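Source file: start_4.txt (compact mmCIF, C-alpha atoms)
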```txt
# COMPACT_ATOMS: atom_id res chain seq x y z
CA MET A 1 -21.78 32.48 16.35
CA ASN A 2 -19.10 32.39 13.63
CA ASN A 3 -19.72 29.22 11.62
CA THR A 4 -16.69 29.46 9.31
CA ALA A 5 -15.48 26.00 8.23
CA ALA A 6 -12.14 24.95 9.70
CA THR A 7 -9.09 23.79 7.73
CA VAL A 8 -8.33 20.18 8.66
CA ARG A 9 -5.38 17.97 7.80
CA ILE A 10 -3.69 14.91 9.28
CA SER A 11 0.03 14.29 9.67
CA GLY A 12 1.95 11.14 10.58
CA PRO A 13 4.92 10.64 12.91
CA PRO A 14 8.15 12.43 11.86
CA ASN A 15 10.03 10.65 9.03
CA SER A 16 7.66 7.70 8.92
CA SER A 17 4.27 6.69 7.53
CA PHE A 18 0.94 6.63 9.35
CA LEU A 19 1.02 2.83 9.49
CA VAL A 20 3.01 1.35 12.39
CA GLY A 21 3.38 -2.43 12.54
CA TYR A 22 2.45 -5.00 9.90
CA PRO A 23 -1.25 -5.72 9.13
CA GLY A 24 -1.86 -9.46 9.20
CA ILE A 25 0.84 -10.10 11.82
CA SER A 26 -0.76 -9.81 15.25
CA ALA A 27 2.53 -9.65 17.21
CA THR A 28 3.29 -6.24 15.67
CA LEU A 29 0.00 -4.64 16.86
CA PRO A 30 -0.70 -2.90 13.52
CA ARG A 31 -2.00 0.62 14.08
CA ILE A 32 -2.35 4.03 12.45
CA VAL A 33 -0.61 6.83 14.35
CA GLY A 34 -0.73 10.56 13.67
CA LYS A 35 -2.43 13.79 14.64
CA VAL A 36 -5.36 15.84 13.41
CA GLU A 37 -4.45 19.50 12.85
CA ILE A 38 -7.26 22.08 12.85
CA ARG A 39 -6.67 25.71 11.89
CA PRO A 40 -8.86 28.70 10.91
CA GLY A 41 -10.36 28.26 7.47
CA ALA A 42 -10.91 31.93 6.60
CA GLY A 43 -8.21 34.39 7.59
CA TYR A 44 -5.13 33.50 9.61
CA THR A 45 -6.51 34.36 13.01
CA ALA A 46 -10.31 34.18 12.79
CA PRO A 47 -11.20 31.61 15.48
CA VAL A 48 -13.38 28.64 14.57
CA GLN A 49 -16.09 27.10 16.74
CA ILE A 50 -15.34 23.46 17.57
CA SER A 51 -17.77 21.25 19.50
CA MET A 52 -16.47 17.76 18.79
CA VAL A 53 -13.79 15.97 16.72
CA ARG A 54 -13.85 12.25 15.84
CA ILE A 55 -11.70 10.06 13.59
CA CYS A 56 -12.15 6.59 12.10
CA LEU A 57 -10.63 4.29 9.48
CA GLN A 58 -13.08 3.41 6.73
CA ARG A 59 -12.89 0.75 4.02
CA ARG A 60 -14.66 1.16 0.69
CA GLU A 61 -15.07 -1.86 -1.57
CA THR A 62 -16.51 -1.80 -5.06
CA ILE A 63 -17.02 -4.40 -7.78
CA HIS A 64 -18.17 -4.13 -11.36
CA PRO A 65 -17.58 -7.49 -13.13
CA ALA A 66 -18.72 -6.13 -16.52
CA ALA A 67 -16.40 -3.08 -16.46
CA GLU A 68 -13.78 -4.72 -18.75
CA ASN A 69 -16.24 -5.30 -21.58
CA MET A 70 -17.16 -2.08 -23.39
CA ALA A 71 -20.27 -3.65 -24.96
CA ARG A 72 -21.59 -4.91 -21.61
CA ARG A 73 -20.51 -1.94 -19.51
CA HIS A 74 -23.88 -0.21 -19.81
CA LEU A 75 -25.94 -3.40 -20.00
CA GLY A 76 -24.36 -5.41 -17.20
CA THR A 77 -24.82 -5.16 -13.47
CA PRO A 78 -24.16 -1.70 -12.01
CA ARG A 79 -21.16 -0.99 -9.78
CA ARG A 80 -21.73 -2.33 -6.30
CA GLU A 81 -20.21 -0.65 -3.25
CA THR A 82 -19.93 -1.38 0.45
CA VAL A 83 -18.49 0.85 3.20
CA ASP A 84 -17.27 -0.58 6.52
CA LEU A 85 -15.72 0.81 9.68
CA VAL A 86 -12.32 -0.74 10.47
CA GLY A 87 -11.70 -1.05 14.20
CA LYS A 88 -13.38 1.64 16.30
CA GLU A 89 -14.13 5.33 15.86
CA VAL A 90 -12.04 7.47 18.26
CA LEU A 91 -13.33 10.59 20.01
CA LEU A 92 -10.50 13.16 20.00
CA PHE A 93 -12.22 16.22 21.47
CA ARG A 94 -15.51 17.26 23.01
CA CYS A 95 -16.18 20.70 24.52
CA VAL A 96 -17.18 20.93 28.16
CA SER A 97 -20.81 20.13 29.00
CA GLY A 98 -23.13 23.11 29.02
CA LYS A 99 -21.13 24.85 26.28
CA GLU A 100 -22.07 24.66 22.62
CA ALA A 101 -18.55 25.09 21.22
CA GLU A 102 -15.05 26.30 22.00
CA SER A 103 -13.59 29.25 20.10
CA VAL A 104 -10.35 27.77 18.77
CA ILE A 105 -7.29 29.31 17.09
CA ALA A 106 -5.37 26.04 16.66
CA MET A 107 -5.82 22.41 17.63
CA ASP A 108 -3.41 19.41 17.37
CA LEU A 109 -5.03 16.14 18.44
CA PRO A 110 -2.85 12.98 18.46
CA PHE A 111 -4.62 9.69 17.66
CA GLN A 112 -3.94 5.98 17.45
CA ILE A 113 -6.27 3.56 15.66
CA PHE A 114 -5.62 -0.16 16.12
CA ILE A 115 -6.23 -2.33 13.06
CA PRO A 116 -7.98 -5.65 13.80
CA PHE A 117 -5.60 -8.60 13.65
CA GLY A 118 -7.83 -11.57 14.61
CA ARG A 119 -9.42 -14.04 12.23
CA GLY A 120 -12.73 -13.14 13.82
CA GLY A 121 -14.93 -15.89 12.34
CA GLU A 122 -18.43 -14.47 12.17
CA GLU A 123 -17.36 -11.20 13.78
CA VAL A 124 -16.68 -9.08 10.71
CA ASN A 125 -15.25 -6.18 12.75
CA ARG A 126 -12.47 -8.43 14.10
CA ARG A 127 -11.29 -9.77 10.73
CA ILE A 128 -7.94 -8.66 9.38
CA PRO A 129 -8.80 -6.03 6.74
CA PRO A 130 -7.76 -6.93 3.17
CA ALA A 131 -4.98 -5.03 1.39
CA SER A 132 -5.64 -1.96 -0.75
CA ILE A 133 -5.90 -2.97 -4.41
CA GLN A 134 -7.36 -1.65 -7.66
CA LEU A 135 -7.75 -4.09 -10.54
CA ALA A 136 -7.73 -3.12 -14.21
CA SER A 137 -10.85 -1.21 -15.35
CA ARG A 138 -11.78 -1.04 -11.65
CA ILE A 139 -13.61 -4.37 -11.85
CA ALA A 140 -12.78 -4.66 -8.14
CA GLU A 141 -11.08 -2.40 -5.63
CA THR A 142 -10.48 -1.96 -1.91
CA TYR A 143 -9.77 1.58 -0.73
CA TYR A 144 -9.08 2.96 2.76
CA GLU A 145 -9.48 6.46 4.11
CA LEU A 146 -9.15 8.19 7.45
CA VAL A 147 -12.35 10.16 8.02
CA VAL A 148 -12.28 13.13 10.42
CA THR A 149 -15.68 14.42 11.57
CA VAL A 150 -15.67 17.97 12.93
CA GLN A 151 -18.81 19.25 14.66
CA GLN A 152 -18.90 23.08 14.69
CA GLY A 153 -21.77 24.15 16.88
CA SER A 154 -25.25 22.62 16.55
CA SER A 155 -25.80 23.45 12.88
CA MET A 156 -22.56 22.54 11.13
CA GLN A 157 -20.81 19.20 10.74
CA ASN A 158 -18.10 18.51 8.17
CA ARG A 159 -16.36 15.28 7.21
CA TYR A 160 -12.83 15.24 5.80
CA ALA A 161 -11.49 12.09 4.10
CA PHE A 162 -7.78 11.29 3.63
CA PRO A 163 -6.78 8.24 1.53
CA ILE A 164 -4.35 5.85 3.18
CA PRO A 165 -2.86 2.73 1.53
CA LEU A 166 -2.90 -0.51 3.52
CA GLN A 167 -0.83 -3.63 2.77
CA ARG A 168 -0.97 -7.17 4.20
CA TYR A 169 2.12 -9.11 5.28
CA ASP A 170 0.81 -12.58 6.17
CA THR A 171 1.49 -14.03 2.69
CA LEU A 172 5.28 -13.39 2.63
CA SER A 173 6.97 -16.26 0.81
CA THR A 174 9.69 -16.39 3.51
CA PHE A 175 7.29 -17.65 6.20
CA GLY A 176 7.93 -21.28 7.14
CA MET A 177 4.32 -22.38 6.62
CA TYR A 178 4.65 -21.69 2.86
CA ASN A 179 7.94 -23.60 2.50
CA ARG A 180 6.54 -27.05 3.25
CA PRO A 181 6.21 -29.32 0.19
CA GLU A 182 2.71 -29.91 -1.17
CA SER A 183 1.84 -33.04 -3.16
CA LYS A 184 -1.26 -34.27 -4.97
CA VAL A 185 -2.24 -37.25 -7.17
CA VAL A 186 -5.18 -37.47 -9.62
CA THR A 187 -6.35 -39.83 -12.37
CA ALA A 188 -8.82 -39.44 -15.23
CA ASP A 189 -9.81 -43.06 -16.10
CA ASN A 190 -7.66 -45.23 -13.78
CA ILE A 191 -5.17 -46.10 -16.55
CA VAL A 192 -2.60 -43.39 -15.72
CA THR A 193 -2.11 -41.29 -12.58
CA LEU A 194 -0.65 -37.78 -12.50
CA GLY A 195 1.24 -36.82 -9.35
CA ILE A 196 2.92 -33.51 -8.53
CA SER A 197 5.14 -32.17 -5.78
CA LEU A 198 5.52 -28.45 -5.09
CA PRO A 199 8.50 -27.49 -2.87
CA LYS A 200 6.83 -24.24 -1.71
CA TRP A 201 3.52 -22.54 -2.35
CA SER A 202 3.89 -18.76 -1.93
CA TYR A 203 5.41 -16.70 -4.76
CA GLY A 204 5.91 -13.07 -5.75
CA PRO A 205 6.78 -11.14 -8.94
CA LEU A 206 9.59 -12.78 -10.98
CA ASP A 207 9.87 -15.66 -8.48
CA PRO A 208 10.58 -19.00 -10.22
CA ILE A 209 7.92 -21.71 -9.83
CA THR A 210 9.08 -25.33 -10.19
CA VAL A 211 6.78 -28.36 -10.17
CA TYR A 212 7.98 -31.98 -9.99
CA ILE A 213 5.70 -34.19 -12.10
CA LYS A 214 5.27 -37.98 -12.35
CA LEU A 215 3.00 -39.83 -14.76
CA ALA A 216 2.67 -43.47 -13.69
CA PRO A 217 0.76 -46.41 -15.20
CA ASN A 218 -1.80 -48.24 -13.09
CA PRO A 219 -0.25 -51.68 -12.39
CA ASP A 220 -3.73 -53.26 -12.49
CA TRP A 221 -4.28 -51.96 -16.05
CA LEU A 222 -0.73 -52.39 -17.38
CA ASN A 223 -1.73 -53.74 -20.83
CA LYS A 224 -3.83 -50.63 -21.52
CA ALA A 225 -1.24 -48.31 -19.96
CA ARG A 226 1.52 -49.59 -22.31
CA LYS A 227 -0.43 -48.18 -25.28
CA VAL A 228 -0.59 -44.66 -23.79
CA THR A 229 1.58 -41.97 -25.35
CA ILE A 230 2.36 -38.73 -23.53
CA GLN A 231 2.03 -36.01 -26.18
CA LYS A 232 2.83 -32.96 -24.04
CA ILE A 233 2.52 -31.54 -20.54
CA THR A 234 1.40 -27.97 -19.93
CA LEU A 235 1.85 -25.85 -16.81
CA ALA A 236 -0.26 -22.70 -16.39
CA ILE A 237 -0.92 -20.11 -13.67
CA GLU A 238 -4.58 -19.16 -13.38
CA GLU A 239 -6.08 -16.17 -11.60
CA GLU A 240 -9.61 -16.82 -10.35
CA ILE A 241 -11.71 -13.86 -9.20
CA THR A 242 -14.97 -14.71 -7.42
CA PHE A 243 -17.39 -11.79 -7.32
CA ASN A 244 -19.87 -11.67 -4.45
CA PRO A 245 -18.46 -14.86 -2.79
CA GLU A 246 -20.70 -14.56 0.29
CA GLY A 247 -23.83 -13.62 -1.68
CA ASP A 248 -26.60 -15.58 -3.40
CA GLU A 249 -25.17 -15.67 -6.93
CA PRO A 250 -21.35 -15.70 -6.90
CA THR A 251 -19.71 -15.41 -10.33
CA LYS A 252 -16.18 -16.46 -11.29
CA LYS A 253 -13.72 -14.99 -13.79
CA VAL A 254 -10.70 -17.18 -14.63
CA SER A 255 -7.67 -15.82 -16.53
CA LYS A 256 -4.46 -17.56 -17.61
CA ILE A 257 -1.57 -15.28 -16.71
CA ALA A 258 1.38 -17.54 -17.68
CA LYS A 259 1.82 -20.83 -19.52
CA HIS A 260 4.64 -23.26 -20.37
CA THR A 261 4.39 -26.39 -22.56
CA GLN A 262 6.82 -29.31 -22.67
CA GLN A 263 6.58 -31.53 -25.75
CA VAL A 264 7.16 -35.19 -24.82
CA GLY A 265 5.95 -37.58 -27.58
CA THR A 266 6.89 -40.83 -25.85
CA LYS A 267 5.07 -43.92 -24.57
CA ILE A 268 4.69 -44.09 -20.83
CA PRO A 269 7.35 -46.43 -19.30
CA GLU A 270 6.36 -49.08 -16.73
CA THR A 271 8.40 -47.21 -14.11
CA GLY A 272 6.57 -43.99 -14.93
CA TYR A 273 7.62 -40.74 -16.59
CA VAL A 274 9.26 -38.13 -14.33
CA THR A 275 10.04 -34.52 -15.22
CA ASN A 276 9.91 -31.04 -13.77
CA LEU A 277 8.34 -27.97 -15.27
CA GLY A 278 8.94 -24.37 -14.34
CA LEU A 279 7.97 -20.84 -15.18
CA VAL A 280 8.45 -17.37 -13.72
CA PHE A 281 5.54 -15.50 -12.18
CA PRO A 282 5.04 -12.39 -14.36
CA ALA A 283 5.80 -8.93 -12.94
CA ARG A 284 4.53 -5.49 -13.88
CA ASP A 285 7.19 -2.93 -14.70
CA LEU A 286 6.69 0.16 -12.53
CA ARG A 287 9.08 2.26 -14.66
CA ASP A 288 8.25 4.08 -17.88
CA SER A 289 10.34 4.07 -21.08
CA GLU A 290 12.77 6.55 -19.50
CA GLY A 291 13.29 4.42 -16.40
CA ILE A 292 11.25 6.66 -14.08
CA VAL A 293 8.88 5.09 -11.55
CA LYS A 294 5.39 6.43 -12.23
CA ARG A 295 3.60 8.26 -9.46
CA GLY A 296 1.02 6.04 -7.80
CA LYS A 297 -2.52 6.90 -6.79
CA PRO A 298 -2.87 8.24 -3.20
CA GLY A 299 -4.97 5.36 -1.90
CA PHE A 300 -3.10 2.47 -3.54
CA PRO A 301 0.45 1.17 -3.03
CA LEU A 302 2.63 0.54 -6.09
CA TYR A 303 2.59 -3.21 -6.69
CA GLU A 304 4.77 -5.12 -9.15
CA VAL A 305 1.89 -7.54 -9.76
CA THR A 306 -1.50 -6.82 -11.30
CA SER A 307 -3.22 -8.79 -8.50
CA PHE A 308 -2.45 -11.09 -5.58
CA THR A 309 -4.15 -13.50 -3.18
CA THR A 310 -6.76 -11.59 -1.16
CA THR A 311 -10.27 -12.06 0.26
CA SER A 312 -12.81 -9.26 0.74
CA ILE A 313 -16.55 -9.11 1.31
CA LEU A 314 -17.47 -8.41 -2.33
CA TYR A 315 -14.70 -10.36 -4.10
CA LYS A 316 -12.00 -12.99 -3.64
CA ILE A 317 -8.81 -13.46 -5.70
CA GLU A 318 -7.20 -16.92 -5.77
CA PHE A 319 -4.40 -18.46 -7.82
CA PHE A 320 -3.94 -22.01 -9.10
CA LEU A 321 -1.23 -23.99 -10.85
CA THR A 322 -2.92 -26.08 -13.55
CA ILE A 323 -0.95 -29.09 -14.82
CA LYS A 324 -2.40 -30.93 -17.81
CA ALA A 325 -1.05 -34.14 -19.35
CA HIS A 326 -2.16 -34.56 -22.99
CA LEU A 327 -2.36 -38.32 -23.73
CA THR A 328 -3.35 -40.70 -26.53
CA SER A 329 -5.19 -43.97 -25.78
CA ALA A 330 -6.27 -42.47 -22.45
CA ARG A 331 -8.15 -39.42 -21.28
CA ASP A 332 -6.19 -36.23 -20.64
CA ILE A 333 -5.48 -35.60 -16.95
CA THR A 334 -5.76 -32.16 -15.36
CA LEU A 335 -4.64 -31.25 -11.85
CA ARG A 336 -5.33 -27.89 -10.18
CA GLN A 337 -3.21 -26.91 -7.18
CA PRO A 338 -3.90 -23.70 -5.16
CA ILE A 339 -0.94 -21.38 -4.54
CA VAL A 340 -0.50 -18.04 -2.75
CA ILE A 341 0.66 -14.93 -4.61
CA CYS A 342 2.39 -12.23 -2.56
CA PRO A 343 2.84 -8.65 -3.86
CA MET A 344 6.58 -8.81 -2.99
CA ASP A 345 9.31 -11.01 -4.46
CA GLN A 346 11.49 -13.41 -2.46
CA GLN A 347 14.24 -10.84 -1.82
CA ALA A 348 11.83 -8.14 -0.64
CA CYS A 349 10.16 -10.67 1.68
CA LYS A 350 13.56 -11.56 3.20
CA GLU A 351 14.32 -7.89 3.80
CA GLU A 352 11.03 -7.41 5.65
CA MET A 353 11.66 -10.25 8.13
CA ASP A 354 14.10 -8.33 10.37
CA ALA A 355 11.84 -5.26 10.36
CA ILE A 356 8.84 -7.41 11.35
CA GLU A 357 10.84 -8.92 14.22
CA GLN A 358 11.80 -5.43 15.44
CA ALA A 359 8.20 -4.20 15.12
CA ALA A 360 7.05 -7.13 17.27
CA LYS A 361 9.61 -6.18 19.98
CA ASP A 362 8.43 -2.54 19.88
CA ALA A 363 4.78 -3.62 20.06
CA SER A 364 5.41 -5.64 23.24
CA HIS A 365 5.70 -2.31 25.11
CA VAL A 366 2.36 -1.00 23.80
CA ASP A 367 -0.87 -1.43 25.73
CA PRO A 368 -3.69 -1.57 23.15
CA ASN A 369 -6.28 -0.88 25.85
CA ASN A 370 -4.52 2.25 27.11
CA PRO A 371 -2.00 3.50 24.52
CA LYS A 372 0.32 6.37 25.42
CA LEU A 373 -0.20 9.40 23.20
CA PRO A 374 1.58 12.77 23.06
CA ASP A 375 -0.24 15.61 24.79
CA ARG A 376 -2.81 17.36 22.66
CA THR A 377 -2.48 21.08 21.95
CA ILE A 378 -5.54 23.34 22.04
CA ILE A 379 -5.09 27.10 21.66
CA LEU A 380 -8.28 29.01 22.47
CA ALA A 381 -9.08 32.48 21.15
CA HIS A 382 -8.95 34.08 24.64
CA ASP A 383 -5.53 32.52 25.50
CA ARG A 384 -2.76 35.03 26.02
CA GLU A 385 -0.66 35.47 22.86
CA ALA A 386 -2.80 32.85 21.09
CA ILE A 387 -1.79 34.03 17.62
CA ARG A 388 1.86 33.35 18.50
CA TYR A 389 1.12 29.65 17.84
CA LEU A 390 0.26 30.61 14.25
CA GLY A 391 3.60 32.42 13.83
CA LEU A 392 2.08 35.91 14.24
CA CYS A 393 2.23 38.73 16.76
CA GLU A 394 0.38 42.02 17.27
CA VAL A 395 2.35 45.25 16.84
CA GLY A 396 0.55 48.60 17.12
CA GLY A 397 -2.82 46.95 16.63
CA MET A 398 -1.65 45.13 13.47
CA LYS A 399 -0.93 41.44 13.09
CA LYS A 400 2.56 40.77 11.70
CA MET A 401 4.78 37.76 11.15
CA LEU A 402 6.62 36.73 14.30
CA ILE A 403 10.42 36.71 14.00
CA GLU A 404 11.95 35.08 17.06
```

Representation of the structure as structure tokens:
Amino acid sequence: MNNTAATVRISGPPNSSFLVGYPGISATLPRIVGKVEIRPGAGYTAPVQISMVRICLQRRETIHPAAENMARRHLGTPRRETVDLVGKEVLLFRCVSGKEAESVIAMDLPFQIFIPFGRGGEEVNRRIPPASIQLASRIAETYYELVVTVQQGSSMQNRYAFPIPLQRYDTLSTFGMYNRPESKVVTADNIVTLGISLPKWSYGPLDPITVYIKLAPNPDWLNKARKVTIQKITLAIEEEITFNPEGDEPTKKVSKIAKHTQQVGTKIPETGYVTNLGLVFPARDLRDSEGIVKRGKPGFPLYEVTSFTTTSILYKIEFFLTIKAHLTSARDITLRQPIVICPMDQQACKEEMDAIEQAAKDASHVDPNNPKLPDRTIILAHDREAIRYLGLCEVGGMKKMLIE
């Protein structure tokens, strides 16, 4: 039996990407649509033996907390990796029972893989998969690939991996749940209280963040409160990465990514001191010095932020607004408020809303239990004019290019 390896590639729907729908939004039935194309690997017309073809979506996650530090890179913990199946593996082709393999000239096998969209709880395979991301120095990354397994007879099995970027859309700042005001009050020693109000709590690159702040004296301790001077108030955005959050020894890495300080230098009035502080969430420029957008890596989308809110098995990225009131005659007060960071800015989020609505309408006609797929094409070696499918014909015993 000829055990020549086949040439395998995957292609998506015409003029669109593999990903249909919006991961994280269940109404759009997020799914990966395309077809597996198998052709002879050696020579244009040498048939290949195919027994079985399967496809699955696979997620690879890696962490290496010490990767940023050159001195610790070789001394710290080694890179840790986990590989998970997303959804279910799909069987695309199996030769008839009693036969070891089919002798194939060409094969086009349409497929549709549904991406989980339920919270899932303890059922890991039902959780919404996290977005593709690669942090600086690869201290953490999530990477997806479509893996095609081709069984060629009893002795030969090959796996072909194709990177595919995956984004999440459930943190868009335009969703109503993120536009409800959040408020919080804390105190350090009961003399002064610090209260904040946040009009919204999801932000993207270059989105303005405004916090309304009130420092108020405790009416029960008014004599002490009158002596308190507000030196300054600082507002900072902190990124907190938790490595191995579900494991035995989780570790945290906190970085300040933006900071604004307001000098005050005044005693706290009996009615309280009210102000608002703001800063802009920093963005990463995707263009080089000549204004050209750099080519991205195959498995990772181009983001205008270095990281965003996401939760995986091996790591978790969270963001906090930290407001600190620096006082004299009283202890400093610090308040930490969680916020959500989206990879897209406010305008991009608005533009996606109509497309999400349309995707939900389209998905209402799809049956996830029995999806309609185009017919598959299988050209066997003994089919009449089989090589015609490869754009060839036989003239006088020689194979030549077919000109219709």

Residues within 7 Å of (1.9, -28.5, -21.3), counting all atoms listed in the file, listed as a list in words = Lys232, Ile233, Thr234, Leu235, His260, Thr261, Gln262, Lys324 and Ala325 of chain A

Counting only C-alpha atoms, which residues of segment 311-337 of chain A sit at most 12 Å from some atom of segment 269-284 of chain A, and what is each one's closest atom pair with its distance in Å to one decimal, listed by chain and rising residue number, as CSV?
```
residue,atom,partner,partner_atom,distance
A:Phe319,CA,A:Phe281,CA,11.3
A:Phe320,CA,A:Phe281,CA,11.9
A:Leu321,CA,A:Leu279,CA,10.6
A:Thr322,CA,A:Leu277,CA,11.5
A:Ile323,CA,A:Leu277,CA,9.4
A:Lys324,CA,A:Leu277,CA,11.4
A:Ala325,CA,A:Tyr273,CA,11.2
```

Any idea what's packed within 10 Å of Gln347 of chain A, counting only C-alpha atoms, ignoring anything in its chain fewer than 6 positions away? Could you give it as a list in words?
->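 After dropping sequence-adjacent residues, the list is Ser173, Thr174, Gly204 and Asp207 of chain A.
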
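Among the candidate residues A:Ser17, A:Thr266, A:Ser329, A:Gln49, the one lying nearest to Leu166 of chain A is A:Ser17, with distances computed using all atoms listed in the file.
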
Considering only C-alpha atoms, give me a table of residues in segment 40-104 of chain A that are at most 7 Å from segment 145-154 of chain A, with the closest atom pair and distance in Å for each, as a tab-separated table.
```
residue	atom	partner	partner_atom	distance
A:Gln49	CA	A:Gln152	CA	5.3
A:Ile50	CA	A:Gln152	CA	4.6
A:Ser51	CA	A:Gln152	CA	5.3
A:Met52	CA	A:Gln151	CA	5.0
A:Val53	CA	A:Val150	CA	4.7
A:Arg54	CA	A:Thr149	CA	5.1
A:Ile55	CA	A:Val148	CA	4.5
A:Cys56	CA	A:Val147	CA	5.4
A:Leu57	CA	A:Leu146	CA	4.6
A:Gln58	CA	A:Glu145	CA	5.4
A:Arg59	CA	A:Glu145	CA	6.7
A:Glu100	CA	A:Gly153	CA	5.8
A:Ala101	CA	A:Gly153	CA	5.5
```

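Between atom CA of Val83 of chain A and atom CA of Gln112 of chain A there is a distance of 21.0 Å.
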
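Of the residues under consideration (A:Ala161, A:Ile139, A:Ala46, A:Ile209), A:Ile209 shows the shortest atom-to-atom contact distance to Gln346 of chain A when counting all atoms listed in the file.
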
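In this structure, atom CA of Phe18 of chain A sits 14.1 Å away from atom CA of Phe300 of chain A.
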
Tell me, as an mmCIF file with C-alpha atoms, in the frame of the given file, which residues lie within 10 Å of Val185 of chain A, counting all atoms listed in the file; anything in the same chain fewer than 2 positions away does not count.
```
data_model
loop_
_atom_site.group_PDB
_atom_site.id
_atom_site.type_symbol
_atom_site.label_atom_id
_atom_site.label_comp_id
_atom_site.auth_asym_id
_atom_site.auth_seq_id
_atom_site.Cartn_x
_atom_site.Cartn_y
_atom_site.Cartn_z
ATOM 1 C CA SER A 183 1.840 -33.040 -3.160
ATOM 2 C CA THR A 187 -6.350 -39.830 -12.370
ATOM 3 C CA THR A 193 -2.110 -41.290 -12.580
ATOM 4 C CA LEU A 194 -0.650 -37.780 -12.500
ATOM 5 C CA GLY A 195 1.240 -36.820 -9.350
ATOM 6 C CA ILE A 196 2.920 -33.510 -8.530
ATOM 7 C CA SER A 197 5.140 -32.170 -5.780
ATOM 8 C CA ILE A 213 5.700 -34.190 -12.100
ATOM 9 C CA LYS A 214 5.270 -37.980 -12.350
ATOM 10 C CA LEU A 215 3.000 -39.830 -14.760
ATOM 11 C CA LEU A 335 -4.640 -31.250 -11.850
#
```

If you measure from atom CA of Cys349 of chain A to atom CA of Val86 of chain A, what distance in Å do you get, rounded to one decimal?
-> 26.1 Å

For Arg226 of chain A, list every protein, DNA or RNA residue within 10 Å, evaluated using only C-alpha atoms, and leave out those in the same chain fewer than 5 positions away; present the list as an mmCIF file with C-alpha atoms, keeping the file's coordinate frame.
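Contents of around.cif, freshly written:
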```
data_model
loop_
_atom_site.group_PDB
_atom_site.id
_atom_site.type_symbol
_atom_site.label_atom_id
_atom_site.label_comp_id
_atom_site.auth_asym_id
_atom_site.auth_seq_id
_atom_site.Cartn_x
_atom_site.Cartn_y
_atom_site.Cartn_z
ATOM 1 C CA ILE A 191 -5.170 -46.100 -16.550
ATOM 2 C CA VAL A 192 -2.600 -43.390 -15.720
ATOM 3 C CA PRO A 217 0.760 -46.410 -15.200
ATOM 4 C CA ASN A 218 -1.800 -48.240 -13.090
ATOM 5 C CA TRP A 221 -4.280 -51.960 -16.050
ATOM 6 C CA LYS A 267 5.070 -43.920 -24.570
ATOM 7 C CA ILE A 268 4.690 -44.090 -20.830
ATOM 8 C CA PRO A 269 7.350 -46.430 -19.300
ATOM 9 C CA GLU A 270 6.360 -49.080 -16.730
ATOM 10 C CA SER A 329 -5.190 -43.970 -25.780
#
```

Excluding same-chain residues fewer than 2 positions from segment 360-365 of chain A, what lies within 8 Å of it counting all atoms listed in the file, as a list of chain:residue names?
->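 Neighbouring residues, sequence-local ones excluded: A:Gly21, A:Ala27, A:Thr28, A:Leu29, A:Ile356, A:Glu357, A:Gln358, A:Asp367.
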
For Thr311 of chain A, please output as a PyMOL selection string all residues within 12 Å (counting all atoms listed in the file; exclusion window: fewer than 2 positions along the same chain).
-> chain A and resi 61+127-133+140-142+168+240-246+307-309+313-319+340

Generate the output file for the selected residues, C-alpha atoms, as an mmCIF file, in the frame of the given file.
```
data_model
loop_
_atom_site.group_PDB
_atom_site.id
_atom_site.type_symbol
_atom_site.label_atom_id
_atom_site.label_comp_id
_atom_site.auth_asym_id
_atom_site.auth_seq_id
_atom_site.Cartn_x
_atom_site.Cartn_y
_atom_site.Cartn_z
ATOM 1 C CA GLU A 61 -15.070 -1.860 -1.570
ATOM 2 C CA ARG A 127 -11.290 -9.770 10.730
ATOM 3 C CA ILE A 128 -7.940 -8.660 9.380
ATOM 4 C CA PRO A 129 -8.800 -6.030 6.740
ATOM 5 C CA PRO A 130 -7.760 -6.930 3.170
ATOM 6 C CA ALA A 131 -4.980 -5.030 1.390
ATOM 7 C CA SER A 132 -5.640 -1.960 -0.750
ATOM 8 C CA ILE A 133 -5.900 -2.970 -4.410
ATOM 9 C CA ALA A 140 -12.780 -4.660 -8.140
ATOM 10 C CA GLU A 141 -11.080 -2.400 -5.630
ATOM 11 C CA THR A 142 -10.480 -1.960 -1.910
ATOM 12 C CA ARG A 168 -0.970 -7.170 4.200
ATOM 13 C CA GLU A 240 -9.610 -16.820 -10.350
ATOM 14 C CA ILE A 241 -11.710 -13.860 -9.200
ATOM 15 C CA THR A 242 -14.970 -14.710 -7.420
ATOM 16 C CA PHE A 243 -17.390 -11.790 -7.320
ATOM 17 C CA ASN A 244 -19.870 -11.670 -4.450
ATOM 18 C CA PRO A 245 -18.460 -14.860 -2.790
ATOM 19 C CA GLU A 246 -20.700 -14.560 0.290
ATOM 20 C CA SER A 307 -3.220 -8.790 -8.500
ATOM 21 C CA PHE A 308 -2.450 -11.090 -5.580
ATOM 22 C CA THR A 309 -4.150 -13.500 -3.180
ATOM 23 C CA ILE A 313 -16.550 -9.110 1.310
ATOM 24 C CA LEU A 314 -17.470 -8.410 -2.330
ATOM 25 C CA TYR A 315 -14.700 -10.360 -4.100
ATOM 26 C CA LYS A 316 -12.000 -12.990 -3.640
ATOM 27 C CA ILE A 317 -8.810 -13.460 -5.700
ATOM 28 C CA GLU A 318 -7.200 -16.920 -5.770
ATOM 29 C CA PHE A 319 -4.400 -18.460 -7.820
ATOM 30 C CA VAL A 340 -0.500 -18.040 -2.750
#
```

Return the single residue from A:Leu198, A:Ile378, A:Ile237, A:Ile387 that is closest to Ile341 of chain A, with distances computed using all atoms listed in the file.
->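 Of A:Leu198, A:Ile378, A:Ile237, A:Ile387, the one nearest Ile341 of chain A is A:Ile237, counting all atoms listed in the file.
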